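J.: Sharing input-v2.csv here; it has CSV, C-alpha atoms.
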chain,number,residue,atom,x,y,z
A,489,MET,CA,22.4,44.6,22.1
A,490,VAL,CA,22.3,43.0,25.6
A,491,ARG,CA,24.0,39.7,25.6
A,492,TYR,CA,24.5,37.1,28.3
A,493,THR,CA,26.7,34.0,28.0
A,494,ILE,CA,25.4,30.6,29.2
A,495,GLU,CA,27.5,30.8,32.3
A,496,GLU,CA,26.3,34.3,33.2
A,497,LEU,CA,22.7,33.2,32.8
A,498,LEU,CA,23.3,30.2,35.0
A,499,GLN,CA,24.8,32.5,37.7
A,500,LEU,CA,21.6,34.4,37.7
A,501,LYS,CA,19.5,31.3,38.3
A,502,PRO,CA,17.8,31.7,41.7
A,503,SER,CA,18.2,28.8,44.1
A,504,GLU,CA,14.5,29.0,45.0
A,505,ALA,CA,11.7,28.5,42.5
A,506,LEU,CA,10.2,31.9,41.6
A,507,THR,CA,6.5,32.4,40.9
A,508,PRO,CA,5.9,32.5,37.2
A,509,ASN,CA,3.7,35.0,35.3
A,510,PHE,CA,1.1,32.4,34.2
A,511,ASP,CA,-0.9,29.5,35.8
A,512,ALA,CA,1.9,26.8,35.8
A,513,VAL,CA,-0.3,24.5,37.9
A,514,GLU,CA,-2.9,24.3,35.2
A,515,PHE,CA,-0.3,23.9,32.5
A,516,ARG,CA,1.3,20.9,34.3
A,517,ALA,CA,-2.1,19.4,35.0
A,518,MET,CA,-2.9,19.5,31.3
A,519,ILE,CA,0.4,17.8,30.4
A,520,GLU,CA,-0.2,15.1,33.1
A,521,LYS,CA,-3.7,14.5,31.7
A,522,VAL,CA,-2.3,14.1,28.2
A,523,LYS,CA,0.3,11.6,29.5
A,524,HIS,CA,-2.4,9.7,31.3
A,525,LEU,CA,-4.6,9.5,28.2
A,526,GLN,CA,-1.6,8.3,26.1
A,527,ALA,CA,-0.9,5.6,28.7
A,528,LEU,CA,-4.5,4.4,28.6
A,529,LYS,CA,-4.4,4.2,24.8
A,530,GLU,CA,-1.1,2.4,24.8
A,531,GLU,CA,-2.6,-0.1,27.3
A,532,GLU,CA,-5.8,-0.5,25.3
A,533,PHE,CA,-4.2,-1.1,21.9
A,534,GLY,CA,-0.9,-2.7,22.9
A,535,HIS,CA,2.2,-2.3,20.9
A,536,PHE,CA,0.4,-2.5,17.6
A,537,GLY,CA,-1.1,0.9,18.2
A,538,HIS,CA,-4.6,2.0,17.3
A,539,PHE,CA,-4.0,3.4,13.9
A,540,ASN,CA,-1.6,0.6,12.8
A,541,ARG,CA,-4.0,-2.1,13.6
A,542,ARG,CA,-3.8,-5.0,11.2
A,543,ARG,CA,-6.4,-7.6,10.1
A,544,SER,CA,-6.6,-10.6,12.3
A,545,SER,CA,-5.3,-12.7,9.4
A,546,HIS,CA,-2.0,-10.7,9.6
A,547,HIS,CA,-1.1,-12.1,13.0
A,548,HIS,CA,1.6,-14.7,13.2
A,549,GLY,CA,-0.7,-17.7,13.9
A,550,LYS,CA,-2.9,-19.4,11.4
A,551,PRO,CA,-6.4,-17.9,10.9
A,552,LYS,CA,-9.1,-19.7,12.9
A,553,VAL,CA,-11.3,-21.8,10.6
A,554,LYS,CA,-14.0,-23.8,12.3
A,555,HIS,CA,-14.4,-27.3,10.8
A,556,THR,CA,-17.5,-29.2,11.8
A,557,LYS,CA,-16.9,-32.8,12.6
A,558,PRO,CA,-18.4,-35.3,10.1
A,559,LYS,CA,-21.5,-37.0,11.4
A,560,VAL,CA,-21.3,-40.8,11.7
A,561,THR,CA,-24.3,-42.8,12.8
A,562,ILE,CA,-24.0,-46.4,14.1
A,563,ASP,CA,-27.0,-48.7,13.7
A,564,SER,CA,-28.0,-51.6,15.9
A,565,ASP,CA,-26.0,-54.1,13.9
A,566,GLY,CA,-22.8,-52.2,14.4
A,567,TRP,CA,-22.7,-50.6,11.0
A,568,SER,CA,-21.5,-46.9,10.9
A,569,THR,CA,-22.8,-44.5,8.2
A,570,PHE,CA,-21.0,-41.3,7.2
A,571,GLU,CA,-23.2,-38.4,6.5
A,572,ALA,CA,-21.7,-35.6,4.3
A,573,ASN,CA,-22.0,-32.1,5.6
A,574,LYS,CA,-24.7,-30.0,4.1
A,575,LYS,CA,-23.3,-27.0,2.2
A,576,GLY,CA,-24.4,-23.4,2.4
A,577,SER,CA,-27.3,-21.9,0.5
A,578,GLY,CA,-25.2,-21.1,-2.6
A,579,ASP,CA,-24.1,-24.7,-3.1
A,580,GLU,CA,-27.5,-26.3,-2.5
A,581,GLU,CA,-28.6,-26.2,-6.1
A,582,GLU,CA,-25.3,-27.7,-7.4
A,583,GLN,CA,-25.7,-30.4,-4.7
A,584,GLU,CA,-29.2,-31.2,-5.7
A,585,LYS,CA,-28.5,-31.6,-9.5
A,586,PRO,CA,-26.3,-34.8,-9.2
A,587,ALA,CA,-28.8,-36.1,-6.7
A,588,ARG,CA,-31.6,-35.9,-9.2
A,589,GLU,CA,-29.5,-37.4,-12.0
A,590,SER,CA,-28.6,-40.4,-9.8
A,591,ALA,CA,-32.2,-40.9,-8.7
A,592,PRO,CA,-33.0,-43.6,-11.4
A,593,GLN,CA,-30.1,-45.8,-10.3
A,594,PRO,CA,-31.0,-48.8,-8.2
A,595,THR,CA,-31.4,-47.9,-4.5
A,596,ILE,CA,-29.6,-51.1,-3.5
A,597,ALA,CA,-26.3,-50.0,-5.2
A,598,GLN,CA,-26.4,-46.7,-3.2
A,599,GLU,CA,-26.8,-48.5,0.1
A,600,THR,CA,-23.8,-50.8,-0.6
A,601,ILE,CA,-21.5,-47.9,-1.3
A,602,LYS,CA,-22.4,-46.0,1.8
A,603,VAL,CA,-22.2,-48.8,4.2
A,604,LYS,CA,-18.8,-49.4,5.9
A,605,PRO,CA,-18.1,-52.1,8.4
A,606,ASN,CA,-17.2,-50.8,11.8
A,607,ASN,CA,-14.7,-53.5,12.6
A,608,LYS,CA,-11.2,-53.7,14.0
A,609,ASN,CA,-10.3,-55.9,11.0
A,610,ILE,CA,-11.2,-53.1,8.5
A,611,SER,CA,-7.6,-52.9,7.1
A,612,SER,CA,-7.1,-56.7,6.7
A,613,THR,CA,-8.2,-58.9,3.9
A,614,LYS,CA,-10.4,-60.9,6.2
A,615,PRO,CA,-14.1,-60.1,5.7
A,616,ALA,CA,-15.6,-58.1,8.5
A,617,ASP,CA,-18.8,-60.1,8.4
A,618,ALA,CA,-18.9,-63.0,6.1
A,619,LYS,CA,-22.7,-63.3,6.1
A,620,ASP,CA,-23.3,-59.7,5.0
A,621,ILE,CA,-20.8,-59.8,2.1
A,622,VAL,CA,-22.2,-63.0,0.7
A,623,ALA,CA,-25.7,-61.6,0.9
A,624,ASP,CA,-24.7,-58.3,-0.9
A,625,LYS,CA,-23.0,-59.8,-3.9
A,626,PRO,CA,-25.8,-61.8,-5.5
A,627,ILE,CA,-28.3,-58.9,-4.9
A,628,GLN,CA,-26.2,-56.3,-6.6
A,629,SER,CA,-25.3,-58.4,-9.7
A,630,PHE,CA,-28.7,-59.9,-10.0
A,631,ASN,CA,-30.8,-56.8,-9.8
A,632,ALA,CA,-28.7,-54.7,-12.2
A,633,PHE,CA,-28.3,-57.0,-15.2
A,634,ALA,CA,-31.5,-59.0,-14.9
A,635,ALA,CA,-33.6,-55.8,-14.9
A,636,LEU,CA,-31.9,-54.4,-18.0
A,637,GLU,CA,-32.1,-57.6,-20.1
A,638,SER,CA,-35.7,-58.2,-19.3
A,639,GLU,CA,-36.7,-54.6,-20.5
A,640,GLU,CA,-34.8,-55.0,-23.8
A,641,GLU,CA,-36.5,-58.3,-24.5
A,642,ASP,CA,-39.9,-56.8,-23.9
A,643,ASP,CA,-39.4,-53.9,-26.4
A,644,GLU,CA,-38.3,-56.2,-29.2
B,350,MET,CA,26.9,43.8,27.4
B,351,SER,CA,27.8,41.2,30.1
B,352,VAL,CA,25.9,40.4,33.2
B,353,GLU,CA,28.4,42.3,35.3
B,354,GLU,CA,28.0,45.3,33.1
B,355,VAL,CA,24.2,45.2,33.4
B,356,SER,CA,24.4,44.7,37.2
B,357,GLN,CA,26.9,47.6,37.4
B,358,LYS,CA,24.6,49.8,35.4
B,359,VAL,CA,21.7,49.0,37.6
B,360,GLN,CA,23.8,49.8,40.6
B,361,GLU,CA,24.8,53.2,39.1
B,362,VAL,CA,21.1,53.9,38.5
B,363,GLN,CA,20.4,53.0,42.1
B,364,ILE,CA,23.2,55.3,43.3
B,365,ASN,CA,21.9,58.1,41.2
B,366,ASP,CA,18.4,57.5,42.4
B,367,GLY,CA,19.7,57.6,46.0
B,368,ALA,CA,17.9,54.3,46.8
B,369,THR,CA,19.3,50.8,47.4
B,370,LYS,CA,17.5,48.3,45.1
B,371,THR,CA,18.3,44.5,45.4
B,372,THR,CA,19.0,42.2,42.5
B,373,VAL,CA,18.8,38.4,42.3
B,374,LEU,CA,22.5,38.3,43.0
B,375,SER,CA,22.1,40.0,46.4
B,376,ASP,CA,18.7,38.5,47.4
B,377,GLN,CA,17.5,35.3,45.8
B,378,SER,CA,13.8,35.8,46.6
B,379,ASN,CA,13.2,39.5,47.3
B,380,PHE,CA,14.9,41.3,44.5
B,381,GLU,CA,13.6,44.5,42.9
B,382,VAL,CA,15.6,44.9,39.8
B,383,LYS,CA,15.5,42.4,37.0
B,384,HIS,CA,18.1,41.7,34.2
B,385,PRO,CA,16.5,42.7,30.8
B,386,LEU,CA,16.8,40.5,27.7
B,387,ASN,CA,17.4,41.9,24.3
B,388,THR,CA,13.9,41.2,23.2
B,389,LYS,CA,10.6,39.7,24.4
B,390,TRP,CA,10.3,35.9,24.0
B,391,THR,CA,7.2,33.8,23.9
B,392,LEU,CA,6.9,30.2,25.0
B,393,TRP,CA,4.6,28.1,22.9
B,394,TYR,CA,3.5,24.5,23.5
B,395,THR,CA,2.1,21.9,21.1
B,396,LYS,CA,-0.3,19.5,22.8
B,397,PRO,CA,-0.3,16.0,21.4
B,398,ALA,CA,-3.6,15.2,19.6
B,399,ILE,CA,-5.8,13.0,21.7
B,400,ASP,CA,-8.9,13.3,19.5
B,401,LYS,CA,-8.7,13.1,15.7
B,402,SER,CA,-11.0,16.2,15.5
B,403,GLU,CA,-8.3,18.4,17.0
B,404,SER,CA,-6.6,20.6,14.4
B,405,TRP,CA,-3.1,22.1,14.5
B,406,SER,CA,-4.5,25.5,15.6
B,407,ASP,CA,-6.2,23.9,18.5
B,408,LEU,CA,-3.0,22.2,19.6
B,409,LEU,CA,-0.5,25.0,19.3
B,410,ARG,CA,-1.0,27.6,22.0
B,411,PRO,CA,1.2,30.4,23.5
B,412,VAL,CA,1.9,29.7,27.2
B,413,THR,CA,3.5,32.9,28.4
B,414,SER,CA,6.1,35.6,27.5
B,415,PHE,CA,9.2,36.9,29.3
B,416,GLN,CA,11.5,39.9,28.9
B,417,THR,CA,14.0,39.4,31.7
B,418,VAL,CA,16.3,36.7,32.9
B,419,GLU,CA,14.4,36.4,36.2
B,420,GLU,CA,11.1,35.8,34.4
B,421,PHE,CA,12.8,33.2,32.2
B,422,TRP,CA,14.0,31.2,35.2
B,423,ALA,CA,10.6,31.5,36.9
B,424,ILE,CA,9.1,29.8,33.9
B,425,VAL,CA,11.7,27.2,33.4
B,426,GLN,CA,11.5,26.2,37.1
B,427,ASN,CA,7.8,25.7,36.8
B,428,ILE,CA,7.3,23.8,33.5
B,429,PRO,CA,8.1,20.1,32.9
B,430,GLU,CA,11.6,19.4,31.5
B,431,PRO,CA,11.8,17.7,28.1
B,432,HIS,CA,12.0,14.2,29.7
B,433,GLY,CA,8.7,14.9,31.4
B,434,LEU,CA,6.8,15.7,28.3
B,435,PRO,CA,4.4,13.3,26.5
B,436,LEU,CA,5.3,12.0,23.0
B,437,LYS,CA,4.4,14.3,20.1
B,438,SER,CA,4.8,17.4,22.3
B,439,ASP,CA,6.7,20.5,21.1
B,440,TYR,CA,8.2,23.4,23.0
B,441,HIS,CA,8.7,26.5,21.0
B,442,VAL,CA,10.4,29.7,22.2
B,443,PHE,CA,10.1,32.5,19.6
B,444,ARG,CA,11.1,36.2,19.5
B,445,ASN,CA,8.4,38.8,20.1
B,446,ASP,CA,5.1,37.7,18.5
B,447,ILE,CA,6.5,35.5,15.8
B,448,ARG,CA,4.3,32.4,15.4
B,449,PRO,CA,6.3,29.1,15.3
B,450,GLU,CA,5.0,28.4,11.8
B,451,TRP,CA,6.9,28.6,8.5
B,452,GLU,CA,3.9,30.5,7.1
B,453,ASP,CA,4.6,33.5,9.5
B,454,GLU,CA,5.9,36.5,7.6
B,455,ALA,CA,9.1,36.6,9.7
B,456,ASN,CA,9.9,32.9,9.0
B,457,ALA,CA,8.7,32.6,5.4
B,458,LYS,CA,12.1,33.5,3.9
B,459,GLY,CA,14.2,31.6,6.4
B,460,GLY,CA,14.8,28.1,7.4
B,461,LYS,CA,15.9,25.9,10.3
B,462,TRP,CA,19.0,24.2,11.5
B,463,SER,CA,17.9,20.7,12.6
B,464,TYR,CA,19.5,18.0,14.7
B,465,GLN,CA,17.9,14.8,16.1
B,466,VAL,CA,19.2,13.2,19.3
B,467,ARG,CA,18.5,9.5,18.9
B,468,ILE,CA,20.3,8.3,22.0
B,469,LYS,CA,17.9,8.0,24.9
B,470,SER,CA,20.7,8.3,27.5
B,471,ALA,CA,21.7,11.7,26.3
B,472,ASP,CA,20.9,14.5,28.8
B,473,ILE,CA,18.2,16.1,26.8
B,474,ASN,CA,17.1,18.4,29.7
B,475,GLU,CA,20.6,19.9,29.9
B,476,LEU,CA,21.0,20.3,26.1
B,477,TRP,CA,17.6,22.0,25.8
B,478,LEU,CA,18.5,24.4,28.6
B,479,ARG,CA,21.8,25.2,27.0
B,480,THR,CA,20.1,25.9,23.7
B,481,LEU,CA,17.5,28.2,25.3
B,482,LEU,CA,20.3,30.1,27.2
B,483,ALA,CA,22.3,30.5,24.0
B,484,VAL,CA,19.3,31.8,22.1
B,485,ILE,CA,17.8,34.2,24.7
B,486,GLY,CA,21.3,35.4,25.7
B,487,GLU,CA,21.9,36.1,22.0
B,488,THR,CA,25.4,34.5,22.1
B,489,ILE,CA,24.5,31.9,19.3
B,490,ASP,CA,24.2,34.8,16.9
B,491,GLU,CA,26.9,37.3,17.4
B,492,ASP,CA,26.6,39.4,14.3
B,493,ASP,CA,22.9,40.0,13.7
B,494,SER,CA,19.5,38.9,15.0
B,495,GLN,CA,19.2,36.0,12.5
B,496,ILE,CA,17.5,33.8,15.1
B,497,ASN,CA,13.7,33.8,15.2
B,498,GLY,CA,13.2,31.0,17.6
B,499,VAL,CA,14.1,27.5,18.8
B,500,VAL,CA,11.9,24.3,18.8
B,501,LEU,CA,12.1,21.0,20.6
B,502,ASN,CA,10.1,18.0,19.2
B,503,VAL,CA,9.5,15.0,21.5
B,504,ARG,CA,9.1,12.0,19.3
B,505,LYS,CA,9.2,8.2,19.5
B,506,GLY,CA,12.5,8.2,17.5
B,507,GLY,CA,14.2,10.8,19.7
B,508,TYR,CA,14.3,14.5,20.4
B,509,LYS,CA,14.6,17.0,17.6
B,510,PHE,CA,16.2,20.4,18.1
B,511,ALA,CA,15.6,23.1,15.5
B,512,LEU,CA,17.0,26.7,15.4
B,513,TRP,CA,14.7,28.8,13.2
B,514,THR,CA,16.3,31.7,11.2
B,515,LYS,CA,14.9,34.6,9.4
B,516,SER,CA,17.0,34.2,6.2
B,517,GLU,CA,18.8,31.6,4.1
B,518,ASP,CA,22.1,33.6,3.8
B,519,LYS,CA,24.8,31.0,3.8
B,520,GLU,CA,27.6,32.9,5.6
B,521,PRO,CA,25.8,33.9,8.7
B,522,LEU,CA,24.0,30.6,8.8
B,523,CYS,CA,27.3,28.6,8.8
B,524,ASN,CA,28.5,30.7,11.8
B,525,ILE,CA,25.3,30.1,13.7
B,526,GLY,CA,25.4,26.4,12.8
B,527,ALA,CA,28.9,26.0,14.1
B,528,ARG,CA,27.9,27.6,17.4
B,529,PHE,CA,24.7,25.5,17.5
B,530,LYS,CA,26.9,22.3,17.3
B,531,GLN,CA,29.0,23.6,20.3
B,532,VAL,CA,25.9,24.3,22.3
B,533,LEU,CA,24.6,20.8,21.6
B,534,LYS,CA,28.0,19.3,22.3
B,535,ILE,CA,28.0,17.6,18.8
B,536,GLY,CA,31.3,16.1,17.6
B,537,ASP,CA,32.8,16.4,14.2
B,538,ASP,CA,31.5,12.9,13.2
B,539,GLU,CA,27.9,14.1,13.6
B,540,LYS,CA,26.1,16.5,11.2
B,541,ILE,CA,23.4,19.2,11.5
B,542,GLU,CA,21.3,20.1,8.5
B,543,PHE,CA,19.7,23.3,7.3
B,544,PHE,CA,16.3,23.1,5.7
B,545,PRO,CA,14.8,26.2,4.0
B,546,HIS,CA,11.1,26.8,4.7
B,547,SER,CA,10.5,27.6,1.0
B,548,ASP,CA,10.8,23.8,0.3
B,549,ALA,CA,8.8,22.8,3.3
B,550,ASN,CA,5.8,21.9,1.1
B,551,GLY,CA,7.9,19.7,-1.3
B,552,LYS,CA,7.8,15.9,-1.2
B,553,HIS,CA,11.6,15.6,-1.1
B,554,HIS,CA,12.6,18.2,1.5
B,555,GLN,CA,16.3,18.2,1.2
B,556,PRO,CA,18.9,20.1,3.4
B,557,THR,CA,20.7,22.9,1.5
B,558,ILE,CA,23.5,23.1,4.0
B,559,THR,CA,25.1,20.3,6.1
B,560,LEU,CA,27.6,21.1,8.8
Translate the structure described by the file into structure tokens.

T.:
Amino acid sequence: MVRYTIEELLQLKPSEALTPNFDAVEFRAMIEKVKHLQALKEEEFGHFGHFNRRRSSHHHGKPKVKHTKPKVTIDSDGWSTFEANKKGSGDEEEQEKPARESAPQPTIAQETIKVKPNNKNISSTKPADAKDIVADKPIQSFNAFAALESEEEDDE
Amino acid sequence: MSVEEVSQKVQEVQINDGATKTTVLSDQSNFEVKHPLNTKWTLWYTKPAIDKSESWSDLLRPVTSFQTVEEFWAIVQNIPEPHGLPLKSDYHVFRNDIRPEWEDEANAKGGKWSYQVRIKSADINELWLRTLLAVIGETIDEDDSQINGVVLNVRKGGYKFALWTKSEDKEPLCNIGARFKQVLKIGDDEKIEFFPHSDANGKHHQPTITL
């Protein structure tokens, strides 16, 4: 058996590069092309890698949830009205049901609940507008009880 | 037979022939006589998959073969060194026409000595060259031709060297493993492992020898 030690083989190494028995230029070009494509992939998908890509919710930050701002309309007297957001199609039916049930209630009571004074004294005990509060009170109490009592008397 | 003995024999043949033939020792570029190796060797390359449709058979291809020391150097001088290879590449140098697959008849009853270099600063190019020289020079296996080939895997975690053998016989394998550690300059604190190919399909592929 022919044997050569590592040192002997190193002695036989020519100082000048010899011509190999295959197309080394094509081989090196293929390897360079692979390296180039790998670099492009790395650049495109970053350090997460293409195949290890996670859902957007798995990133460190909080998921982006878009909240629409509540719509508030202000009338000519300075009263602001809050309008609740309309829900999606699935919730529409559920939303409609309580609306129908509350329909027989007096419309005046609904208006007084919705209305809020747009005043800098909102957190104080001082009435925002003395005239309006005085005007609301007798209307609310009068309409509710007077109407019920009068109907009962008629039936009897 | 040493390199001096081979060169001397060549010179004797030249004297008998009555002609003066040059070797690489006397003329680096215009030599006529080459130093023969014990057997033919084939260099294989595994190209990293770029497209998912590429199969293993598409990626593993023989590059060239060599039978002399001069042909070996001509190849080594013209191919990228391990540091120049892209990730997931493999170099394989196997004897004759043995395919670098454990399914090959010559490999089926054997296994591989394996060692992974995790330190990036290690001189991988030098270690790979030393391994190649020890294998083709047949000095890593003094008793018998147990060696079928040698493999280098370029991976993200490091470079993996593997010495493929044709059998699982413990005694000759331990001698080869000890020399493999010397070639790779591995200290006593580090271990190399032998994995038989018969367990290659198993889920828990465990080494049968650790050295």

J.: Nearest to chain A among B:Trp422, B:Trp393, B:Tyr464, B:Phe543, with distances taken over all atoms listed in the file: which residue is it?

T.: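 With all atoms listed in the file as the atom set, the closest residue is B:Trp422.
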
J.: Which residues of chain A sit at most 9 Å from chain B, using only C-alpha atoms? Give each one's shortest atom pair and distance in Å (one decimal place), in chain and ascending residue order, as JSON lines.

T.:
{"residue": "A:Met489", "atom": "CA", "partner": "B:Asn387", "partner_atom": "CA", "distance": 6.1}
{"residue": "A:Val490", "atom": "CA", "partner": "B:Met350", "partner_atom": "CA", "distance": 5.0}
{"residue": "A:Arg491", "atom": "CA", "partner": "B:Gly486", "partner_atom": "CA", "distance": 5.1}
{"residue": "A:Tyr492", "atom": "CA", "partner": "B:Gly486", "partner_atom": "CA", "distance": 4.5}
{"residue": "A:Thr493", "atom": "CA", "partner": "B:Gly486", "partner_atom": "CA", "distance": 6.0}
{"residue": "A:Ile494", "atom": "CA", "partner": "B:Leu482", "partner_atom": "CA", "distance": 5.5}
{"residue": "A:Glu495", "atom": "CA", "partner": "B:Leu482", "partner_atom": "CA", "distance": 8.9}
{"residue": "A:Glu496", "atom": "CA", "partner": "B:Val352", "partner_atom": "CA", "distance": 6.1}
{"residue": "A:Leu497", "atom": "CA", "partner": "B:Leu482", "partner_atom": "CA", "distance": 6.8}
{"residue": "A:Leu498", "atom": "CA", "partner": "B:Leu482", "partner_atom": "CA", "distance": 8.4}
{"residue": "A:Gln499", "atom": "CA", "partner": "B:Leu374", "partner_atom": "CA", "distance": 8.2}
{"residue": "A:Leu500", "atom": "CA", "partner": "B:Leu374", "partner_atom": "CA", "distance": 6.6}
{"residue": "A:Lys501", "atom": "CA", "partner": "B:Trp422", "partner_atom": "CA", "distance": 6.3}
{"residue": "A:Pro502", "atom": "CA", "partner": "B:Gln377", "partner_atom": "CA", "distance": 5.5}
{"residue": "A:Ser503", "atom": "CA", "partner": "B:Gln377", "partner_atom": "CA", "distance": 6.8}
{"residue": "A:Glu504", "atom": "CA", "partner": "B:Ser378", "partner_atom": "CA", "distance": 7.0}
{"residue": "A:Ala505", "atom": "CA", "partner": "B:Gln426", "partner_atom": "CA", "distance": 5.9}
{"residue": "A:Leu506", "atom": "CA", "partner": "B:Ala423", "partner_atom": "CA", "distance": 4.7}
{"residue": "A:Thr507", "atom": "CA", "partner": "B:Ala423", "partner_atom": "CA", "distance": 5.8}
{"residue": "A:Pro508", "atom": "CA", "partner": "B:Ala423", "partner_atom": "CA", "distance": 4.8}
{"residue": "A:Asn509", "atom": "CA", "partner": "B:Thr413", "partner_atom": "CA", "distance": 7.2}
{"residue": "A:Phe510", "atom": "CA", "partner": "B:Thr413", "partner_atom": "CA", "distance": 6.3}
{"residue": "A:Ala512", "atom": "CA", "partner": "B:Asn427", "partner_atom": "CA", "distance": 6.1}
{"residue": "A:Val513", "atom": "CA", "partner": "B:Asn427", "partner_atom": "CA", "distance": 8.3}
{"residue": "A:Phe515", "atom": "CA", "partner": "B:Ile428", "partner_atom": "CA", "distance": 7.7}
{"residue": "A:Arg516", "atom": "CA", "partner": "B:Ile428", "partner_atom": "CA", "distance": 6.7}
{"residue": "A:Met518", "atom": "CA", "partner": "B:Lys396", "partner_atom": "CA", "distance": 8.9}
{"residue": "A:Ile519", "atom": "CA", "partner": "B:Leu434", "partner_atom": "CA", "distance": 7.1}
{"residue": "A:Glu520", "atom": "CA", "partner": "B:Pro435", "partner_atom": "CA", "distance": 8.2}
{"residue": "A:Val522", "atom": "CA", "partner": "B:Pro435", "partner_atom": "CA", "distance": 7.0}
{"residue": "A:Lys523", "atom": "CA", "partner": "B:Pro435", "partner_atom": "CA", "distance": 5.4}
{"residue": "A:Leu525", "atom": "CA", "partner": "B:Ile399", "partner_atom": "CA", "distance": 7.5}
{"residue": "A:Gln526", "atom": "CA", "partner": "B:Ile399", "partner_atom": "CA", "distance": 7.7}

J.: Please compute the atom CA of B:Gln465-atom CA of B:Asn550 distance, one decimal, in Å.

T.: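 Result for atom CA of B:Gln465 versus atom CA of B:Asn550: 20.5 Å, one decimal.
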
J.: Mind pulling up the distance from atom CA of B:Trp405 to atom CA of B:Thr391?

T.: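 Taking atom CA of B:Thr391 as the start and atom CA of B:Trp405 as the end point, the length is 18.2 Å.
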
J.: How many Å separate atom CA of B:Lys530 from atom CA of B:Glu450?

T.: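 For atom CA of B:Lys530 relative to atom CA of B:Glu450, the distance reads 23.4 Å.
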
J.: For each of B:Ser402, B:Asn524, B:Thr514, B:Asn474, take the minimum atom-to-atom distance to B:Arg444, counting all atoms listed in the file, then give the residue where this is smallest.

T.: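 Among the listed residues, the smallest separation from B:Arg444 belongs to B:Thr514.
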
J.: Considering all atoms listed in the file, state which residue in the set B:Lys509, B:Lys461, B:Lys515, B:Arg467 is at the smallest distance from B:Ile558.

T.: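 Looking at the shortest contact to B:Ile558, the residue is B:Lys461.
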
J.: For a quick check of understanding, using all atoms listed in the file, which of B:Phe510, B:Trp390, B:Trp451, B:Phe529 has the smallest distance to B:Ser547?

T.: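 For B:Ser547, the nearest of the candidates is B:Trp451.
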